[in-house]
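First up is the structure itself, then whatever we jot down about it.
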Amino acid sequence: MAVGAQFSNFLLLTSNVQNGRLAQWESASFTPKRSLVRIQYRPPCGSSSVVERQLPKLNVAGSNPVSRSITRRRSQVVKAAVCKIAITGSIPVVASIKMNAPFEGVRFYGGHKLAQVYSRPGRRERGCRYWWFDGWDWLANRALSLAGRPSVGICPGEIAFDPHIHTLFSHCSISQPERIILDAVRLGLGAVGIMDHNSIRGALDCVRCGQYLKSAGRIPQDFLVIPGVEVNSTIGHVGALFVECDLPMGLEPVEIVKAIHNAGGLAVAVHPYHSTGIGDAVFDAPFDAIEIECGSVFGSRLVKRNRELASDPRLSRAAKLGSSDAHYVRAMASCYTIARIKGTPTLAALKRAIASGNCQPMTSRPYDRLARLLGLIRKLH
């Protein structure tokens with residue numbers, strides 16, 4: 001394994017992200033013979049903790065500055081190598097690290113501050129365990145690309161966002177957070193909402209990834225990642241936006257909505273009329289928003305029933321959303337939402353816009369084409 005990759009993992013370990021904030025680490029030691037890194041850190045709230053990580057055998061071959069530093073001062077390999085990486089930026093994996101780059105809550109040897117480091121989640125972290133899903137994901141993305149690319153347009157004072165996207169932390173997707181965010185920016189979206197099934201891990205990973213991409217200058221500074229989760233209730237799925245913790249599963253929809261509100265989030269009735277939706281129970285709980293347009297619903301009868309909720313007086317106070325429910329990257333923005341925001345877009349401002357109903361669900365031409373085609377399949381009705 002390359003030296004750069006090892007130290008990228010080490011730096012990520014020292015960050016210890018908790019609730020979107022970085023822990024401040026206090027000391028680190030390295031045992032060369034055992035390749036053991038021992039880190040003592042202090043979370044944003046709590047007492048000091050210690051964690052150990054066994055690294056693969058160091059590869060000191062080569063003549064780059066990091067290798068020379070390791071050879072000269074092996075007992076100080078952590079300090080010397082990371083400082084060399086910070087100075088030279090010669091290792092691609094961690095090339096975004098720069099000396100004196102500001103990042104709140106991070107301290108390094110000598111008081112140096114480092115930019116956010118992000119390591120892509122690997123296969124072991126996938127929620128999907130099917131060996132054939134890589135091929136299926138490629139095929140699905142290829143087919144979706146043939147339907148066309150969504151065109152997202154907004155006016156001044158508006159932001160387009162897709163509030164319901166899945167990552168590889170769901171059991172039914174292998175989409176990488178980095179690719180999701182980069183593709184969302186290319187599509188013209190100003191925000192994405194991550195709602196993995198029954199786990200907040202994907203949302204928090206996307207938040208970290210977004211921070212890293214901003215620090216590297218690869219996405220706009222005002223791009224937003226909305227943390228969320230899609231929870232199983234007793235009768236179907238319920239969505240939560242603007243939450244940073246896991247929520248209880250297997251409760252009645254009204255109880256899950258209460259838990260979402262207690263966590264400071266907005267409760268969303270995702271694809272109400274769908275095989276995994278809650279159906280008429282959408283009227284029984286105080287939802288903050290309803291998915292009127294959903295990119296995973298194609299049956300003409302179900303699409304019509306979802307759209308009829310927009311004019312139902314019983315849901316007049318709930319915001320009406322459009323979302324892709326994308327399990328594949330190419331499905332993003334098939335349906336999306338435009339919100340009206342004053343000033344610079346922030347998570348707080350977007351949350352207020354949704355809560356007050358200042359948003360409009362939208363569909364794309366690729367989705368309309370797929371809905372016309374797949375809507376003819378009787379099984380989807």
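Following the order of the structure tokens, chains are lettered A, B, ..., residues in each are numbered from 1, and ligands are numbered from 1.
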
Give me the residues within 10 Å of Ala319 (chain A) as JSON, numbers by chain, counting only C-alpha atoms and dropping any in the same chain fewer than 2 places off.
{"A": [268, 287, 288, 289, 290, 291, 292, 310, 315, 316, 317, 321, 353, 354, 355, 356, 357, 358, 359, 360, 361]}

Go ahead and write the residues just picked, N, CA and C atoms, as an mmCIF file, in the first residue's frame.
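Listed below is the output, again-v1.cif:
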```
data_model
loop_
_atom_site.group_PDB
_atom_site.id
_atom_site.type_symbol
_atom_site.label_atom_id
_atom_site.label_comp_id
_atom_site.auth_asym_id
_atom_site.auth_seq_id
_atom_site.Cartn_x
_atom_site.Cartn_y
_atom_site.Cartn_z
ATOM 1 N N VAL A 268 -41.056 13.767 6.540
ATOM 2 C CA VAL A 268 -41.486 13.725 5.141
ATOM 3 C C VAL A 268 -42.196 12.407 4.868
ATOM 4 N N PHE A 287 -47.179 15.538 9.205
ATOM 5 C CA PHE A 287 -45.994 15.608 8.353
ATOM 6 C C PHE A 287 -45.695 17.049 7.966
ATOM 7 N N ASP A 288 -44.404 17.361 7.887
ATOM 8 C CA ASP A 288 -43.979 18.694 7.461
ATOM 9 C C ASP A 288 -43.952 18.812 5.947
ATOM 10 N N ALA A 289 -43.783 17.698 5.259
ATOM 11 C CA ALA A 289 -43.684 17.714 3.801
ATOM 12 C C ALA A 289 -44.178 16.385 3.231
ATOM 13 N N ILE A 290 -44.649 16.448 1.987
ATOM 14 C CA ILE A 290 -45.148 15.269 1.282
ATOM 15 C C ILE A 290 -44.437 15.182 -0.059
ATOM 16 N N GLU A 291 -43.974 13.981 -0.407
ATOM 17 C CA GLU A 291 -43.397 13.778 -1.735
ATOM 18 C C GLU A 291 -44.536 13.621 -2.744
ATOM 19 N N ILE A 292 -44.743 14.679 -3.513
ATOM 20 C CA ILE A 292 -45.779 14.651 -4.547
ATOM 21 C C ILE A 292 -45.250 14.018 -5.827
ATOM 22 N N ALA A 310 -51.437 16.993 -3.600
ATOM 23 C CA ALA A 310 -51.039 18.401 -3.625
ATOM 24 C C ALA A 310 -52.224 19.328 -3.378
ATOM 25 N N LEU A 315 -53.907 18.304 3.781
ATOM 26 C CA LEU A 315 -52.452 18.429 3.776
ATOM 27 C C LEU A 315 -52.016 19.830 3.351
ATOM 28 N N SER A 316 -52.896 20.784 3.537
ATOM 29 C CA SER A 316 -52.621 22.138 3.061
ATOM 30 C C SER A 316 -51.414 22.770 3.740
ATOM 31 N N ARG A 317 -51.112 22.386 4.970
ATOM 32 C CA ARG A 317 -49.994 22.981 5.700
ATOM 33 C C ARG A 317 -48.664 22.308 5.402
ATOM 34 N N LEU A 321 -43.061 18.337 -2.074
ATOM 35 C CA LEU A 321 -41.705 18.119 -2.573
ATOM 36 C C LEU A 321 -41.682 17.225 -3.795
ATOM 37 N N ALA A 353 -37.570 27.394 4.588
ATOM 38 C CA ALA A 353 -38.327 27.440 3.335
ATOM 39 C C ALA A 353 -39.229 26.223 3.188
ATOM 40 N N ILE A 354 -38.718 25.059 3.551
ATOM 41 C CA ILE A 354 -39.538 23.841 3.465
ATOM 42 C C ILE A 354 -40.650 23.882 4.503
ATOM 43 N N ALA A 355 -40.299 24.254 5.720
ATOM 44 C CA ALA A 355 -41.297 24.282 6.796
ATOM 45 C C ALA A 355 -42.437 25.247 6.488
ATOM 46 N N SER A 356 -42.125 26.344 5.782
ATOM 47 C CA SER A 356 -43.158 27.332 5.460
ATOM 48 C C SER A 356 -43.838 27.065 4.123
ATOM 49 N N GLY A 357 -43.410 26.016 3.434
ATOM 50 C CA GLY A 357 -44.053 25.660 2.172
ATOM 51 C C GLY A 357 -43.618 26.483 0.979
ATOM 52 N N ASN A 358 -42.488 27.199 1.089
ATOM 53 C CA ASN A 358 -41.989 28.018 -0.019
ATOM 54 C C ASN A 358 -41.176 27.171 -0.985
ATOM 55 N N CYS A 359 -41.806 26.158 -1.532
ATOM 56 C CA CYS A 359 -41.113 25.274 -2.457
ATOM 57 C C CYS A 359 -42.099 24.680 -3.458
ATOM 58 N N GLN A 360 -41.545 24.196 -4.557
ATOM 59 C CA GLN A 360 -42.368 23.683 -5.653
ATOM 60 C C GLN A 360 -41.765 22.396 -6.197
ATOM 61 N N PRO A 361 -42.554 21.307 -6.295
ATOM 62 C CA PRO A 361 -42.037 20.056 -6.854
ATOM 63 C C PRO A 361 -41.913 20.148 -8.372
#
```

Looking at only C-alpha atoms, which of A:Asp368, A:Arg201, A:His164, A:Ser233 is the one that sits closest to His271 (chain A)?
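That would be A:His164, the residue with the smallest distance to His271 (chain A).
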
Just give me the gap between CA of Ala160 (chain A) and CA of Val254 (chain A) in Å, one decimal is fine.
29.0 Å

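For region 116-179 of chain A, backbone-based DSSP assignment of strand (DSSP E or B) covers A:Glu158, A:Ile159, A:Ala160, A:Phe161, A:Asp162, A:Pro163, A:His164, A:Ile165.
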
Taking N, CA and C atoms for each residue, export the selection above as a short mmCIF file (atom, residue, chain, number, x, y, z; two decimals), in the first residue's frame.
```
data_model
loop_
_atom_site.label_atom_id
_atom_site.label_comp_id
_atom_site.auth_asym_id
_atom_site.auth_seq_id
_atom_site.Cartn_x
_atom_site.Cartn_y
_atom_site.Cartn_z
N GLU A 158 -33.66 31.50 -5.80
CA GLU A 158 -34.16 30.13 -5.71
C GLU A 158 -32.99 29.16 -5.60
N ILE A 159 -33.26 27.99 -5.06
CA ILE A 159 -32.29 26.91 -4.99
C ILE A 159 -33.00 25.61 -5.38
N ALA A 160 -32.37 24.84 -6.24
CA ALA A 160 -32.90 23.54 -6.65
C ALA A 160 -32.22 22.45 -5.82
N PHE A 161 -33.00 21.56 -5.27
CA PHE A 161 -32.41 20.49 -4.46
C PHE A 161 -33.19 19.19 -4.64
N ASP A 162 -32.47 18.11 -4.48
CA ASP A 162 -33.05 16.76 -4.53
C ASP A 162 -33.00 16.21 -3.11
N PRO A 163 -34.14 16.13 -2.43
CA PRO A 163 -34.12 15.81 -0.99
C PRO A 163 -34.09 14.33 -0.63
N HIS A 164 -34.03 13.43 -1.61
CA HIS A 164 -34.14 12.01 -1.28
C HIS A 164 -33.21 11.20 -2.18
N ILE A 165 -31.99 10.95 -1.68
CA ILE A 165 -30.97 10.22 -2.42
C ILE A 165 -30.36 9.16 -1.52
#
```

Return as a Markdown table the residues of region 114-166 of chain A lying at most 8 Å from region 181-188 of chain A, together with the closest atom-to-atom pair for each and the distance in Å to one decimal, counting only C-alpha atoms, with rows in chain order and ascending residue number.
```
| residue | atom | partner | partner_atom | distance |
| --- | --- | --- | --- | --- |
| A:Pro150 | CA | A:Leu187 | CA | 7.1 |
| A:Ser151 | CA | A:Leu187 | CA | 6.9 |
| A:Val152 | CA | A:Gly188 | CA | 5.7 |
| A:Gly153 | CA | A:Gly188 | CA | 7.3 |
| A:Ala160 | CA | A:Gly188 | CA | 7.5 |
```

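Residues lying within 7 Å of region 128-134 of chain A, counting only C-alpha atoms and ignoring same-chain neighbours fewer than 4 positions away, are Trp138, Ser170, His171, Cys172, Ser173 and Ile174 of chain A.
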
Residues from the last selection, C-alpha atoms, saved as a PDB file, in the first residue's frame:
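New file out_20.pdb:
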```pdb
ATOM      1  CA  TRP A 138     -23.594  -0.074 -14.285  1.00  0.00           C
ATOM      2  CA  SER A 170     -28.271   1.584   1.943  1.00  0.00           C
ATOM      3  CA  HIS A 171     -28.912  -2.069   1.131  1.00  0.00           C
ATOM      4  CA  CYS A 172     -30.124  -1.155  -2.373  1.00  0.00           C
ATOM      5  CA  SER A 173     -27.447   1.238  -3.670  1.00  0.00           C
ATOM      6  CA  ILE A 174     -23.681   1.433  -4.161  1.00  0.00           C
TER       7      ILE A 174
END
```

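For the choices A:Glu255, A:Asn198, A:Pro272, A:Ser324, the atom-to-atom distance to Glu308 (chain A) is smallest for A:Pro272 when using only C-alpha atoms.
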